[in-house]
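This report refers to the structure that appears directly beneath it.
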Amino acid sequence: MSRTIRLVDVTLRDAHQCLWATRMTTAMMQDIAPRLNRAGFEAIDLVGGAVFDVCVRYLREDPWVRMRILNQWITETPLIIHTRGQSLFTFEFFPDDIVELAAERFAANGMRYHTPYDALNDMRNLEIPVRAAKQHGLHVVGGLVYTFSPVHTDAYYRKKAKELMALGVDGIFLKDASGLLRPERIATLVPALKTVMGNMPLQIHTHCNSGLAPYVVLQAVEHGVDVVHTATSTLANGVSHSPTETVTRNLRRRGFEVDIDLGPIEEVAERLAFIAEVEGKPVGEVREYDEFHFCHQCPGGMVSNLAYQLESMGLQGRLNDILEEAWHVREDLGYPIIVSPFAQYIVTQAILNVMGRDQGRPRYESVPDEVRLYVRGGYGEIAGPIDPNLYDKITRGQEPITERPGLLVPPAIKRLRATRGPFQSDDDLLLAAFYDDGQYSALKAAGPIRTDYPLGETPLLTLIKGIAARPDITSFHYFEKTVGTRDEQR
């Protein structure tokens, strides 16, 4: 009997975060959300990571309102809220009372599925997020963040999976933000996790930075993965995820059952292609394999942004020098995983080291406060060793931090009500916790979220006008109605 594999859609969150700098508006989602809703996904990823922050700072769309709007368009499939554990949507740790209130508001605003992770895999930083989400009825799938190093072995991940399961999660997802998984590692890592997890579902969330992901996810399923995260083809590949359409067809060819209706997905792909054309935004393209990526491990979007920033700093042509130094900084600092915020911290330290070297100064003469805090253990458990002499140099002799980081942050709700209130809702209180008065006021002054996007004629007709021989050919599905579906034609 063939195994059934489920898919999680990331088009509305991670895909445009990767390819469109997180600039998909709520209006752009109106015509595609109902189609994703009826396609048969286990869940649809909506808000989290950079999406919440960009909604506030750049799009001036209240992310709580976006949740409520999308709940009107997506009624059959659970919507996912994705958080950085105790850091929620930012780089800083929040007090336990804010994290607990956030979980309550996730549920109140229609989120039914929560995928928290901690960038250091310190499960203490997931204790409050998982417990609070479960108390409010959310389905919780906790993240294990993937990297490779001398200390991130299969045994390490087995240990971390046990710790995560002890928190009471409903499943685990293997989060590979930089696309570092290779087929040979999948062959050992997935079975190692499944020996610990038993019947608990294991998900894979991996990006296409190396070009390997579409094959890696197939191998992951062969070795026991139950759920694959995918993106609609228009916003797949590149530094995004594997295409839903391709993964579905490939899994079926290997004999697996995949309960996805590709008709609505192809309609979504057409509409996204139209929006990309109108807005001047890129679509995903397959990337070539580059071994250097596995050395520095930086996410693709970060590399492109770094190149631009270096040019503005007068450091043109130094990108590879910086990435090479980032590799060695990571080795020095106990192999932090290159995801936010540690990707930014490691690259910043690499830039300072390279600039200092150019001026004849020793490495680590200048160290950001965030790196000092990390080295002391202020963000959580460090996986690998740090040379004692380097530790003393960076921390200036300060003692290590061994407590759960959230315990070091004082409660905030009472203080916020006294200093920033009154608030019309707890949603607004949380916005005030996350943002200063300037950002908060600008968001509130922006007015209602626009929910209509001017698609006009059907997207495919607009793109091929003047080429189509017949005016009634407005969609790929015209052909399916007249000569059968693509699967039937085979």
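By order of appearance in the structure tokens: chains A, B, ..., then residues from 1 within every chain, and ligands from 1 in the order shown.
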Contact residues around Leu7 in chain A with only C-alpha atoms at 12 Å, ignoring same-chain residues under 2 positions, as a VMD selection string: chain A and resid 4 to 5 9 to 11 36 39 to 45 77 202 to 205 217 221 225 to 232 242 to 245 247 to 248 251 257 to 261
Would you return as an mmCIF file with N, CA and C atoms, in the first residue's frame the members of range 314-351 of chain A that DSSP assigns to alpha helix (DSSP H) on this structure's backbone?
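The resulting file, states-v9.cif, is reproduced below:
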data_model
loop_
_atom_site.group_PDB
_atom_site.id
_atom_site.type_symbol
_atom_site.label_atom_id
_atom_site.label_comp_id
_atom_site.auth_asym_id
_atom_site.auth_seq_id
_atom_site.Cartn_x
_atom_site.Cartn_y
_atom_site.Cartn_z
ATOM 1 N N LEU A 319 33.088 40.843 -1.805
ATOM 2 C CA LEU A 319 32.045 39.933 -1.342
ATOM 3 C C LEU A 319 32.613 38.575 -0.948
ATOM 4 N N ASN A 320 33.432 37.981 -1.810
ATOM 5 C CA ASN A 320 33.964 36.652 -1.496
ATOM 6 C C ASN A 320 34.890 36.684 -0.273
ATOM 7 N N ASP A 321 35.648 37.794 -0.100
ATOM 8 C CA ASP A 321 36.488 37.921 1.089
ATOM 9 C C ASP A 321 35.638 37.916 2.360
ATOM 10 N N ILE A 322 34.503 38.643 2.301
ATOM 11 C CA ILE A 322 33.624 38.716 3.464
ATOM 12 C C ILE A 322 33.011 37.348 3.751
ATOM 13 N N LEU A 323 32.535 36.676 2.706
ATOM 14 C CA LEU A 323 31.908 35.366 2.898
ATOM 15 C C LEU A 323 32.924 34.341 3.410
ATOM 16 N N GLU A 324 34.140 34.425 2.925
ATOM 17 C CA GLU A 324 35.194 33.521 3.409
ATOM 18 C C GLU A 324 35.458 33.767 4.888
ATOM 19 N N GLU A 325 35.520 35.034 5.285
ATOM 20 C CA GLU A 325 35.744 35.357 6.688
ATOM 21 C C GLU A 325 34.540 34.938 7.539
ATOM 22 N N ALA A 326 33.330 35.062 6.998
ATOM 23 C CA ALA A 326 32.135 34.636 7.732
ATOM 24 C C ALA A 326 32.212 33.155 8.060
ATOM 25 N N TRP A 327 32.721 32.376 7.133
ATOM 26 C CA TRP A 327 32.923 30.942 7.357
ATOM 27 C C TRP A 327 33.806 30.715 8.579
ATOM 28 N N HIS A 328 34.917 31.467 8.661
ATOM 29 C CA HIS A 328 35.858 31.267 9.763
ATOM 30 C C HIS A 328 35.341 31.862 11.079
ATOM 31 N N VAL A 329 34.588 32.966 10.998
ATOM 32 C CA VAL A 329 33.969 33.517 12.210
ATOM 33 C C VAL A 329 33.026 32.483 12.813
ATOM 34 N N ARG A 330 32.249 31.824 11.958
ATOM 35 C CA ARG A 330 31.319 30.798 12.445
ATOM 36 C C ARG A 330 32.087 29.676 13.153
ATOM 37 N N GLU A 331 33.206 29.253 12.589
ATOM 38 C CA GLU A 331 34.022 28.219 13.235
ATOM 39 C C GLU A 331 34.513 28.689 14.597
ATOM 40 N N ASP A 332 34.956 29.961 14.653
ATOM 41 C CA ASP A 332 35.479 30.514 15.902
ATOM 42 C C ASP A 332 34.423 30.566 16.999
ATOM 43 N N PHE A 342 21.460 35.266 13.612
ATOM 44 C CA PHE A 342 22.891 34.970 13.667
ATOM 45 C C PHE A 342 23.571 35.095 12.310
ATOM 46 N N ALA A 343 22.809 34.958 11.245
ATOM 47 C CA ALA A 343 23.385 35.225 9.922
ATOM 48 C C ALA A 343 23.867 36.670 9.859
ATOM 49 N N GLN A 344 23.021 37.591 10.339
ATOM 50 C CA GLN A 344 23.397 39.016 10.321
ATOM 51 C C GLN A 344 24.574 39.290 11.251
ATOM 52 N N TYR A 345 24.576 38.666 12.432
ATOM 53 C CA TYR A 345 25.650 38.916 13.387
ATOM 54 C C TYR A 345 26.991 38.394 12.864
ATOM 55 N N ILE A 346 26.975 37.204 12.264
ATOM 56 C CA ILE A 346 28.219 36.611 11.770
ATOM 57 C C ILE A 346 28.779 37.429 10.617
ATOM 58 N N VAL A 347 27.903 37.845 9.704
ATOM 59 C CA VAL A 347 28.379 38.630 8.559
ATOM 60 C C VAL A 347 28.884 40.001 9.021
ATOM 61 N N THR A 348 28.204 40.605 9.966
ATOM 62 C CA THR A 348 28.680 41.896 10.486
ATOM 63 C C THR A 348 30.069 41.753 11.099
ATOM 64 N N GLN A 349 30.264 40.700 11.887
ATOM 65 C CA GLN A 349 31.585 40.472 12.474
ATOM 66 C C GLN A 349 32.630 40.210 11.394
ATOM 67 N N ALA A 350 32.240 39.505 10.347
ATOM 68 C CA ALA A 350 33.174 39.238 9.245
ATOM 69 C C ALA A 350 33.600 40.535 8.563
ATOM 70 N N ILE A 351 32.643 41.434 8.344
ATOM 71 C CA ILE A 351 32.978 42.727 7.725
ATOM 72 C C ILE A 351 33.953 43.503 8.611
#
Identify all residues of range 32-147 of chain A in strand (DSSP E or B) (DSSP on the backbone) and supply them as a list in words. Ala43, Ile44, Asp45, Leu46, Val47, Gly48, Leu79, Ile80, Ile81, His82, Thr83, Tyr113, His114, Thr115, Pro116, His139, Val140, Val141, Gly142, Gly143, Leu144 and Val145 of chain A
A:Val65, A:Leu46, A:Leu12, A:Leu218: which is nearest Arg252 in chain A, counting only C-alpha atoms?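 Of the candidates, the smallest distance to Arg252 in chain A is held by A:Leu218.
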Write out as a PyMOL selection string each polymer residue whose atoms come within 8 Å of Asn353 in chain A, counting only C-alpha atoms; drop sequence neighbours fewer than 6 positions from it. chain A and resi 325+362-366
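One distance worth recording is that between CA of Glu266 in chain A and CA of Thr451 in chain A, which is 22.1 Å.
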Find, counting only C-alpha atoms, the residue in A:Arg450, A:Lys159, A:His16, A:Arg254 that gets nearest to Glu61 in chain A.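 Smallest distance to Glu61 in chain A is found for A:Arg450.
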Report as a VMD selection string all protein, DNA and RNA residues lying within 7 Å of range 141-148 of chain A, evaluated on only C-alpha atoms, omitting residues in the same chain fewer than 3 positions from it. chain A and resid 114 to 117 119 121 152 164 169 to 176 180 337
Store the residues of this selection in a file with C-alpha atoms, as an mmCIF file, in the first residue's frame.
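Printed below is part32.cif as written:
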data_model
loop_
_atom_site.group_PDB
_atom_site.id
_atom_site.type_symbol
_atom_site.label_atom_id
_atom_site.label_comp_id
_atom_site.auth_asym_id
_atom_site.auth_seq_id
_atom_site.Cartn_x
_atom_site.Cartn_y
_atom_site.Cartn_z
ATOM 1 C CA HIS A 114 1.899 27.223 14.766
ATOM 2 C CA THR A 115 5.464 26.492 13.608
ATOM 3 C CA PRO A 116 7.904 27.963 16.146
ATOM 4 C CA TYR A 117 11.653 27.403 16.029
ATOM 5 C CA ALA A 119 17.734 29.692 15.791
ATOM 6 C CA ASN A 121 17.954 24.836 18.684
ATOM 7 C CA HIS A 152 25.777 19.155 14.256
ATOM 8 C CA LEU A 164 11.371 19.105 21.319
ATOM 9 C CA VAL A 169 4.549 19.293 19.987
ATOM 10 C CA ASP A 170 2.289 17.587 17.434
ATOM 11 C CA GLY A 171 5.057 17.223 14.863
ATOM 12 C CA ILE A 172 8.564 18.356 13.909
ATOM 13 C CA PHE A 173 9.786 20.175 10.830
ATOM 14 C CA LEU A 174 13.381 20.106 9.674
ATOM 15 C CA LYS A 175 14.112 23.736 8.802
ATOM 16 C CA ASP A 176 16.865 24.177 6.208
ATOM 17 C CA LEU A 180 22.217 22.979 2.803
ATOM 18 C CA ILE A 337 23.378 28.262 12.514
#
Of A:Ala102, A:Val239, A:Ala220, A:Ala33, the one nearest to Leu429 in chain A when counting only C-alpha atoms is A:Ala102
Give me the residues near Asp452 in chain A as a PyMOL selection string, where near means some atom within 12 Å (using only C-alpha atoms) and where sequence neighbours in that chain fewer than 6 positions away do not count. chain A and resi 25-32+69
Written selection (C-alpha atoms) as a PDB file, in the first residue's frame:
ATOM      1  CA  THR A  25       0.394  42.697  -0.336  1.00  0.00           C
ATOM      2  CA  THR A  26      -2.896  41.419   1.002  1.00  0.00           C
ATOM      3  CA  ALA A  27      -4.583  42.622  -2.202  1.00  0.00           C
ATOM      4  CA  MET A  28      -2.288  40.426  -4.278  1.00  0.00           C
ATOM      5  CA  MET A  29      -3.510  37.432  -2.266  1.00  0.00           C
ATOM      6  CA  GLN A  30      -7.219  37.961  -2.916  1.00  0.00           C
ATOM      7  CA  ASP A  31      -7.507  36.047  -6.169  1.00  0.00           C
ATOM      8  CA  ILE A  32      -5.029  33.298  -5.306  1.00  0.00           C
ATOM      9  CA  ILE A  69      -8.967  38.922   6.092  1.00  0.00           C
TER      10      ILE A  69
END
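Considering the residues A:Ala383, A:Ala273, A:Ala132, A:Cys18 and counting only C-alpha atoms, Glu104 in chain A has its shortest atom-to-atom contact with A:Ala132.
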What's the 9 Å shell around Leu193 in chain A, counting only C-alpha atoms, without same-chain residues fewer than 6 positions away, as a PyMOL selection string? chain A and resi 154+157-158+161+202
Since we have the selection now, will you write its residues out, keeping C-alpha atoms, as an mmCIF file, in the first residue's frame?
data_model
loop_
_atom_site.group_PDB
_atom_site.id
_atom_site.type_symbol
_atom_site.label_atom_id
_atom_site.label_comp_id
_atom_site.auth_asym_id
_atom_site.auth_seq_id
_atom_site.Cartn_x
_atom_site.Cartn_y
_atom_site.Cartn_z
ATOM 1 C CA ASP A 154 22.854 12.971 13.553
ATOM 2 C CA TYR A 157 19.622 16.116 16.026
ATOM 3 C CA ARG A 158 18.289 12.994 17.717
ATOM 4 C CA ALA A 161 14.248 15.974 18.611
ATOM 5 C CA LEU A 202 8.231 14.704 10.241
#
Report the distance between CA of Val54 in chain A and CA of Tyr308 in chain A in Å, rounded to one decimal place.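 Here the two named atoms are 19.5 Å from each other.
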With distances taken over only C-alpha atoms, which residue among A:Ile449, A:Leu88, A:Leu101, A:Ala166 lies nearest Arg66 in chain A? A:Ile449
Any idea what's packed within 12 Å of Gln86 in chain A, counting only C-alpha atoms, ignoring anything in its chain fewer than 3 positions away? Could you give it as a ChimeraX atom specification? /A:82-83,89-100,102-103,116-132,379-380,404-409
So what do you get for CA of Gly447 in chain A versus CA of Asp426 in chain A, distance-wise?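 We find that CA of Gly447 in chain A and CA of Asp426 in chain A lie 18.7 Å from each other.
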Counting only C-alpha atoms, the residue of A:Ala177, A:Leu390, A:Leu212, A:Ile413 that sits nearest Gln297 in chain A: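 Going through A:Ala177, A:Leu390, A:Leu212, A:Ile413 one by one, the smallest distance to Gln297 in chain A is for A:Ala177.
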